[in-house]
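Everything below belongs to final-v6.cif, which stores mmCIF, C-alpha atoms.
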```cif
data_protein
loop_
_atom_site.group_PDB
_atom_site.id
_atom_site.type_symbol
_atom_site.label_atom_id
_atom_site.label_comp_id
_atom_site.auth_asym_id
_atom_site.auth_seq_id
_atom_site.Cartn_x
_atom_site.Cartn_y
_atom_site.Cartn_z
ATOM 1 C CA MET A 1103 5.672 -20.992 -8.974
ATOM 2 C CA SER A 1104 9.118 -19.456 -8.788
ATOM 3 C CA ILE A 1105 10.658 -16.868 -6.510
ATOM 4 C CA THR A 1106 13.374 -14.465 -7.669
ATOM 5 C CA ARG A 1107 15.303 -12.301 -5.219
ATOM 6 C CA LEU A 1108 17.029 -9.122 -6.369
ATOM 7 C CA GLU A 1109 19.231 -6.598 -4.601
ATOM 8 C CA VAL A 1110 18.814 -2.860 -5.201
ATOM 9 C CA SER A 1111 20.719 -0.072 -3.457
ATOM 10 C CA ASP A 1112 18.599 3.032 -3.966
ATOM 11 C CA GLU A 1113 17.971 5.714 -1.359
ATOM 12 C CA ILE A 1114 14.538 7.356 -1.410
ATOM 13 C CA GLN A 1115 13.802 10.439 0.644
ATOM 14 C CA GLN A 1116 11.028 10.200 3.208
ATOM 15 C CA LEU A 1117 7.688 11.528 1.902
ATOM 16 C CA GLU A 1118 9.363 12.626 -1.343
ATOM 17 C CA ALA A 1119 6.808 14.657 -3.303
ATOM 18 C CA THR A 1120 8.582 14.364 -6.667
ATOM 19 C CA ALA A 1121 7.437 11.107 -8.270
ATOM 20 C CA ALA A 1122 10.612 10.783 -10.355
ATOM 21 C CA HIS A 1123 12.602 10.427 -7.133
ATOM 22 C CA ARG A 1124 10.527 7.440 -5.941
ATOM 23 C CA VAL A 1125 11.501 4.979 -8.665
ATOM 24 C CA LEU A 1126 13.247 1.606 -8.525
ATOM 25 C CA ILE A 1127 14.323 -0.336 -11.612
ATOM 26 C CA VAL A 1128 13.748 -4.068 -11.238
ATOM 27 C CA GLU A 1129 14.431 -6.946 -13.614
ATOM 28 C CA GLY A 1130 11.475 -9.168 -14.548
ATOM 29 C CA VAL A 1131 10.165 -11.242 -17.451
ATOM 30 C CA ILE A 1132 9.708 -9.566 -20.841
ATOM 31 C CA GLY A 1133 6.037 -8.855 -21.512
ATOM 32 C CA ASN A 1134 4.752 -9.685 -18.031
ATOM 33 C CA SER A 1135 2.442 -7.492 -15.956
ATOM 34 C CA TYR A 1136 3.010 -7.299 -12.224
ATOM 35 C CA ALA A 1137 1.025 -6.349 -9.142
ATOM 36 C CA LEU A 1138 3.038 -4.349 -6.601
ATOM 37 C CA ASP A 1139 3.182 -4.742 -2.828
ATOM 38 C CA VAL A 1140 5.547 -2.904 -0.482
ATOM 39 C CA SER A 1141 7.205 -3.810 2.827
ATOM 40 C CA ARG A 1142 8.400 -0.943 5.006
ATOM 41 C CA GLN A 1143 10.843 -1.549 7.852
ATOM 42 C CA GLY A 1144 10.548 -5.327 7.493
ATOM 43 C CA ALA A 1145 6.772 -5.418 8.025
ATOM 44 C CA ALA A 1146 4.441 -7.633 5.999
ATOM 45 C CA PHE A 1147 3.929 -6.775 2.337
ATOM 46 C CA VAL A 1148 0.833 -4.635 1.748
ATOM 47 C CA ASP A 1149 -0.808 -2.954 -1.238
ATOM 48 C CA THR A 1150 1.088 0.044 -2.498
ATOM 49 C CA SER A 1151 -0.122 3.551 -1.731
ATOM 50 C CA GLY A 1152 -0.536 4.739 -5.314
ATOM 51 C CA GLY A 1153 2.457 2.949 -6.814
ATOM 52 C CA SER A 1154 2.646 1.123 -10.133
ATOM 53 C CA VAL A 1155 4.822 -1.135 -12.277
ATOM 54 C CA ALA A 1156 5.497 -0.621 -15.990
ATOM 55 C CA GLU A 1157 7.902 -2.338 -18.355
ATOM 56 C CA ILE A 1158 10.569 -0.132 -19.903
ATOM 57 C CA VAL A 1159 10.537 -0.467 -23.685
ATOM 58 C CA ASN A 1160 13.423 0.016 -26.093
ATOM 59 C CA ALA A 1161 13.523 2.474 -29.012
ATOM 60 C CA ALA A 1162 11.587 0.005 -31.197
ATOM 61 C CA GLY A 1163 8.824 -0.258 -28.578
ATOM 62 C CA SER A 1164 9.684 -3.797 -27.526
ATOM 63 C CA GLY A 1165 9.803 -4.927 -23.901
ATOM 64 C CA THR A 1166 13.187 -5.156 -22.205
ATOM 65 C CA GLY A 1167 12.460 -7.128 -19.051
ATOM 66 C CA LEU A 1168 13.342 -4.064 -16.985
ATOM 67 C CA PHE A 1169 10.477 -2.634 -14.982
ATOM 68 C CA ARG A 1170 10.000 0.837 -13.563
ATOM 69 C CA VAL A 1171 8.574 0.492 -10.070
ATOM 70 C CA GLN A 1172 6.919 3.800 -9.194
ATOM 71 C CA LEU A 1173 6.397 4.024 -5.457
ATOM 72 C CA GLY A 1174 3.570 6.056 -3.971
ATOM 73 C CA GLN A 1175 4.479 8.984 -1.713
ATOM 74 C CA TYR A 1176 3.165 7.215 1.369
ATOM 75 C CA ASP A 1177 5.047 4.018 0.508
ATOM 76 C CA CYS A 1178 8.020 6.110 1.621
ATOM 77 C CA ASP A 1179 6.701 7.599 4.862
ATOM 78 C CA SER A 1180 8.840 5.558 7.279
ATOM 79 C CA ILE A 1181 12.620 5.819 7.507
ATOM 80 C CA GLY A 1182 14.358 2.462 7.102
ATOM 81 C CA PRO A 1183 14.533 -0.515 4.753
ATOM 82 C CA LEU A 1184 12.056 -0.866 1.900
ATOM 83 C CA ALA A 1185 11.343 -4.000 -0.119
ATOM 84 C CA VAL A 1186 8.981 -4.565 -3.038
ATOM 85 C CA GLU A 1187 7.118 -7.656 -4.148
ATOM 86 C CA LEU A 1188 6.089 -8.080 -7.783
ATOM 87 C CA PHE A 1189 3.574 -10.825 -8.571
ATOM 88 C CA ASP A 1190 2.385 -11.819 -12.033
ATOM 89 C CA GLY A 1191 -0.241 -14.320 -10.883
ATOM 90 C CA THR A 1192 2.221 -17.209 -10.801
ATOM 91 C CA ASP A 1193 5.730 -16.041 -9.940
ATOM 92 C CA TYR A 1194 7.146 -13.648 -7.353
ATOM 93 C CA ILE A 1195 10.016 -11.175 -7.605
ATOM 94 C CA TYR A 1196 11.362 -9.646 -4.399
ATOM 95 C CA ALA A 1197 13.668 -6.629 -4.524
ATOM 96 C CA ARG A 1198 15.340 -5.575 -1.306
ATOM 97 C CA GLY A 1199 18.087 -3.172 -0.316
ATOM 98 C CA ALA A 1200 16.334 0.138 -0.949
ATOM 99 C CA ARG A 1201 16.262 2.546 2.000
ATOM 100 C CA VAL A 1202 14.010 5.425 2.893
ATOM 101 C CA VAL A 1203 16.191 8.180 4.317
ATOM 102 C CA GLU A 1204 15.388 11.441 6.058
ATOM 103 C CA HIS A 1205 13.903 14.027 3.730
ATOM 104 C CA ASP A 1206 16.490 16.555 2.547
ATOM 105 C CA PRO A 1207 14.790 19.226 0.437
ATOM 106 C CA TYR A 1208 18.136 20.780 -0.374
ATOM 107 C CA SER A 1209 19.953 17.766 -1.858
ATOM 108 C CA ASP A 1210 19.104 18.654 -5.480
ATOM 109 C CA LEU A 1211 20.018 22.274 -4.834
ATOM 110 C CA TYR A 1212 23.362 21.208 -3.401
ATOM 111 C CA ASP A 1213 24.109 19.127 -6.513
ATOM 112 C CA VAL A 1214 23.273 22.109 -8.714
ATOM 113 C CA TRP A 1215 25.311 24.425 -6.505
ATOM 114 C CA CYS A 1216 28.379 22.186 -6.909
ATOM 115 C CA ARG A 1217 28.065 22.375 -10.686
ATOM 116 C CA TRP A 1218 26.945 25.999 -11.134
ATOM 117 C CA ALA A 1219 28.350 27.603 -7.969
ATOM 118 C CA ASN A 1220 28.777 31.103 -9.393
ATOM 119 C CA ASP A 1221 25.561 31.233 -11.405
ATOM 120 C CA ILE A 1222 22.694 30.970 -8.927
ATOM 121 C CA SER A 1223 20.353 33.786 -7.970
ATOM 122 C CA ALA A 1224 17.653 33.423 -5.318
ATOM 123 C CA ASP A 1225 14.432 35.383 -5.088
ATOM 124 C CA ASP A 1226 12.933 35.163 -1.615
ATOM 125 C CA ALA A 1227 9.790 37.048 -2.645
ATOM 126 C CA ASP A 1228 8.427 34.157 -4.713
ATOM 127 C CA ASP A 1229 10.349 31.196 -3.214
ATOM 128 C CA THR A 1230 12.329 30.491 -6.388
ATOM 129 C CA ILE A 1231 15.949 29.937 -7.236
ATOM 130 C CA ASP A 1232 17.114 30.508 -10.813
ATOM 131 C CA VAL A 1233 20.160 28.704 -12.168
ATOM 132 C CA GLN A 1234 21.772 30.708 -14.947
ATOM 133 C CA ASP A 1235 24.479 29.910 -17.454
ATOM 134 C CA ARG A 1236 27.530 32.136 -18.004
ATOM 135 C CA ALA A 1237 25.520 34.323 -20.413
ATOM 136 C CA SER A 1238 22.900 34.942 -17.662
ATOM 137 C CA ALA A 1239 20.227 32.876 -19.418
ATOM 138 C CA VAL A 1240 18.040 30.927 -16.978
ATOM 139 C CA ARG A 1241 18.787 27.181 -17.307
ATOM 140 C CA MET A 1242 16.335 25.970 -14.660
ATOM 141 C CA THR A 1243 14.210 27.297 -11.819
ATOM 142 C CA PHE A 1244 13.616 25.643 -8.457
ATOM 143 C CA THR A 1245 10.295 26.561 -6.849
ATOM 144 C CA LYS A 1246 9.816 25.888 -3.145
ATOM 145 C CA SER A 1247 6.618 24.474 -1.660
ATOM 146 C CA THR A 1248 5.874 23.460 1.912
ATOM 147 C CA SER A 1249 3.274 21.009 3.188
ATOM 148 C CA GLY A 1250 3.293 20.735 6.967
ATOM 149 C CA THR A 1251 6.897 20.022 7.932
ATOM 150 C CA VAL A 1252 7.921 18.765 4.470
ATOM 151 C CA THR A 1253 9.665 21.190 2.104
ATOM 152 C CA SER A 1254 9.907 20.233 -1.575
ATOM 153 C CA TRP A 1255 11.445 21.849 -4.643
ATOM 154 C CA THR A 1256 9.991 21.558 -8.132
ATOM 155 C CA VAL A 1257 12.372 21.989 -11.060
ATOM 156 C CA THR A 1258 11.232 23.651 -14.271
ATOM 157 C CA ARG A 1259 13.267 24.320 -17.386
ATOM 158 C CA PRO A 1260 12.583 27.120 -19.869
#
```

Show me the file's structure as structure tokens.
Amino acid sequence: MSITRLEVSDEIQQLEATAAHRVLIVEGVIGNSYALDVSRQGAAFVDTSGGSVAEIVNAAGSGTGLFRVQLGQYDCDSIGPLAVELFDGTDYIYARGARVVEHDPYSDLYDVWCRWANDISADDADDTIDVQDRASAVRMTFTKSTSGTVTSWTVTRP
């Protein structure tokens, strides 16, 4: 049995609804399969809440030893440090350094605003924001949804 410790520095928003924003990339052993456990705020490792681990393959379809750790939404429900434990039946990999931060539903919109500041039009009637290019073609649309106190934005591209 071996134990590997890795450092990651990702920030994940609390209760993030968009799965693509709840991902860590962790180095493992090429071809291995791992079970995933999560520690929130320094508590004991427990089964993930809908998370998974999958090896990232290269263009030829071969394993790379890099693994996409998909966290479940409720793995990220407490603000503070987050650590993951990967176990292949023999060896452990621990990745620490990730942090769950307060949910900011406007962070993606702010990034887009900085890049396309003069080309955004909002439509309050249907809770959408269109980002247009200089020729007024829609490049992407943000659609707002609210669940309780959590506001999320879904991005779609034409």

Hits of the PyMOL selection byres ((chain A and resi 1179) around 8) in this structure, as a PyMOL selection string: chain A and resi 1116-1117+1175-1178+1180-1181+1202

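Remark: for Val1128 in chain A, the closest of the candidate residues A:Gln1143, A:Ser1104, A:Phe1169, A:Gly1152 is A:Phe1169 (distances computed over all atoms listed in the file).
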
Explicit residue set for the PyMOL selection byres ((chain A and resi 1174) around 12), as a ChimeraX atom specification: /A:1114,1116-1126,1138-1140,1149-1155,1171-1173,1175-1179,1186

Contacts of Pro1260 in chain A at 10 Å (only C-alpha atoms; same-chain gap of 5+ positions) as a list in words: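 The neighbour list is Ala1239, Val1240, Arg1241, Met1242 and Thr1243 of chain A.
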
Residues returned when the PyMOL selection byres ((chain A and resi 1137) around 6) runs on this file, as a list of chain:residue names: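 On the file shown, the PyMOL selection byres ((chain A and resi 1137) around 6) covers A:Tyr1136, A:Leu1138, A:Leu1188, A:Phe1189.
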
Restrict the selected residues to C-alpha atoms and save them as a compact mmCIF listing (two decimals), in the coordinates of the input.
```
# COMPACT_ATOMS: atom_id res chain seq x y z
CA TYR A 1136 3.01 -7.30 -12.22
CA LEU A 1138 3.04 -4.35 -6.60
CA LEU A 1188 6.09 -8.08 -7.78
CA PHE A 1189 3.57 -10.82 -8.57
```

Using all atoms listed in the file: which of A:Thr1256, A:Gly1191, A:Ala1237, A:Pro1183 has the shortest distance to Gly1144 in chain A: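 So, comparing all the options, the nearest one is A:Pro1183.
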
Interatomic distance, CA of Ile1158 in chain A to CA of Thr1192 in chain A (Å, one decimal): 21.1 Å

Atom-to-atom span, CA of Ala1197 in chain A and CA of Gly1165 in chain A, Å: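 Those two atoms sit 19.8 Å apart.
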
Atomic separation - CA of Val1257 in chain A relative to CA of Leu1168 in chain A, Å: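 Interatomic distance here is 26.7 Å.
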
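Proximity ranking of A:Asn1160, A:Thr1248, A:Gln1115, A:Thr1253 relative to Val1203 in chain A places A:Gln1115 first, based on all atoms listed in the file.
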
Local residues around (17.4, -0.2, -4.0), at most 6 Å away, using only C-alpha atoms, as a list in words: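 Those residues, ordered by chain and then number, are Val1110, Ser1111, Asp1112, Gly1199 and Ala1200 of chain A.
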
A:Thr1230, A:Ser1254, A:Ser1238, A:Ser1247 ranked by distance to His1205 in chain A, top pick (using only C-alpha atoms):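 Closest residue, counting only C-alpha atoms: A:Ser1254.
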
Residue nearest Leu1108 in chain A among A:Ile1195, A:Val1148, A:Leu1184, A:Gly1163 (counting all atoms listed in the file):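 Of A:Ile1195, A:Val1148, A:Leu1184, A:Gly1163, the one nearest Leu1108 in chain A is A:Ile1195, counting all atoms listed in the file.
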
Provide range 1235-1255 of chain A rebuilt to N, CA, C and O atoms, formatted as a compact mmCIF listing (two decimals), in the frame of the given file.
```
# COMPACT_ATOMS: atom_id res chain seq x y z
N ASP A 1235 23.21 30.26 -16.83
CA ASP A 1235 24.48 29.91 -17.45
C ASP A 1235 25.37 31.15 -17.46
O ASP A 1235 25.01 32.21 -16.95
N ARG A 1236 26.56 31.04 -18.02
CA ARG A 1236 27.53 32.14 -18.00
C ARG A 1236 27.02 33.38 -18.74
O ARG A 1236 27.45 34.48 -18.46
N ALA A 1237 26.08 33.20 -19.66
CA ALA A 1237 25.52 34.32 -20.41
C ALA A 1237 24.28 34.90 -19.72
O ALA A 1237 23.55 35.69 -20.31
N SER A 1238 24.02 34.49 -18.48
CA SER A 1238 22.90 34.94 -17.66
C SER A 1238 21.54 34.48 -18.16
O SER A 1238 20.51 35.03 -17.76
N ALA A 1239 21.50 33.47 -19.01
CA ALA A 1239 20.23 32.88 -19.42
C ALA A 1239 19.80 31.86 -18.34
O ALA A 1239 20.64 31.11 -17.82
N VAL A 1240 18.53 31.85 -18.00
CA VAL A 1240 18.04 30.93 -16.98
C VAL A 1240 18.02 29.51 -17.55
O VAL A 1240 17.38 29.24 -18.56
N ARG A 1241 18.73 28.59 -16.89
CA ARG A 1241 18.79 27.18 -17.31
C ARG A 1241 17.70 26.34 -16.65
O ARG A 1241 17.18 25.41 -17.22
N MET A 1242 17.38 26.67 -15.39
CA MET A 1242 16.34 25.97 -14.66
C MET A 1242 15.92 26.83 -13.48
O MET A 1242 16.68 27.69 -13.04
N THR A 1243 14.72 26.58 -12.98
CA THR A 1243 14.21 27.30 -11.82
C THR A 1243 13.70 26.29 -10.81
O THR A 1243 12.97 25.36 -11.15
N PHE A 1244 14.12 26.45 -9.56
CA PHE A 1244 13.62 25.64 -8.46
C PHE A 1244 12.55 26.46 -7.75
O PHE A 1244 12.80 27.60 -7.36
N THR A 1245 11.37 25.88 -7.55
CA THR A 1245 10.30 26.56 -6.85
C THR A 1245 9.99 25.79 -5.57
O THR A 1245 9.75 24.59 -5.61
N LYS A 1246 10.00 26.50 -4.46
CA LYS A 1246 9.82 25.89 -3.14
C LYS A 1246 8.34 25.78 -2.80
O LYS A 1246 7.55 26.68 -3.07
N SER A 1247 7.96 24.64 -2.21
CA SER A 1247 6.62 24.47 -1.66
C SER A 1247 6.74 23.76 -0.32
O SER A 1247 7.65 22.97 -0.12
N THR A 1248 5.83 24.06 0.58
CA THR A 1248 5.87 23.46 1.91
C THR A 1248 4.51 22.89 2.24
O THR A 1248 3.49 23.54 2.02
N SER A 1249 4.50 21.66 2.75
CA SER A 1249 3.27 21.01 3.19
C SER A 1249 3.54 20.48 4.59
O SER A 1249 4.28 19.50 4.75
N GLY A 1250 3.00 21.13 5.59
CA GLY A 1250 3.29 20.74 6.97
C GLY A 1250 4.76 20.97 7.26
O GLY A 1250 5.27 22.07 7.11
N THR A 1251 5.47 19.91 7.62
CA THR A 1251 6.90 20.02 7.93
C THR A 1251 7.78 19.60 6.76
O THR A 1251 8.99 19.55 6.89
N VAL A 1252 7.17 19.25 5.62
CA VAL A 1252 7.92 18.76 4.47
C VAL A 1252 8.10 19.90 3.44
O VAL A 1252 7.12 20.48 2.98
N THR A 1253 9.35 20.20 3.12
CA THR A 1253 9.66 21.19 2.10
C THR A 1253 10.10 20.46 0.84
O THR A 1253 10.91 19.54 0.90
N SER A 1254 9.55 20.85 -0.30
CA SER A 1254 9.91 20.23 -1.58
C SER A 1254 10.26 21.31 -2.57
O SER A 1254 9.85 22.46 -2.45
N TRP A 1255 11.04 20.94 -3.57
CA TRP A 1255 11.44 21.85 -4.64
C TRP A 1255 11.04 21.23 -5.96
O TRP A 1255 11.32 20.07 -6.23
```
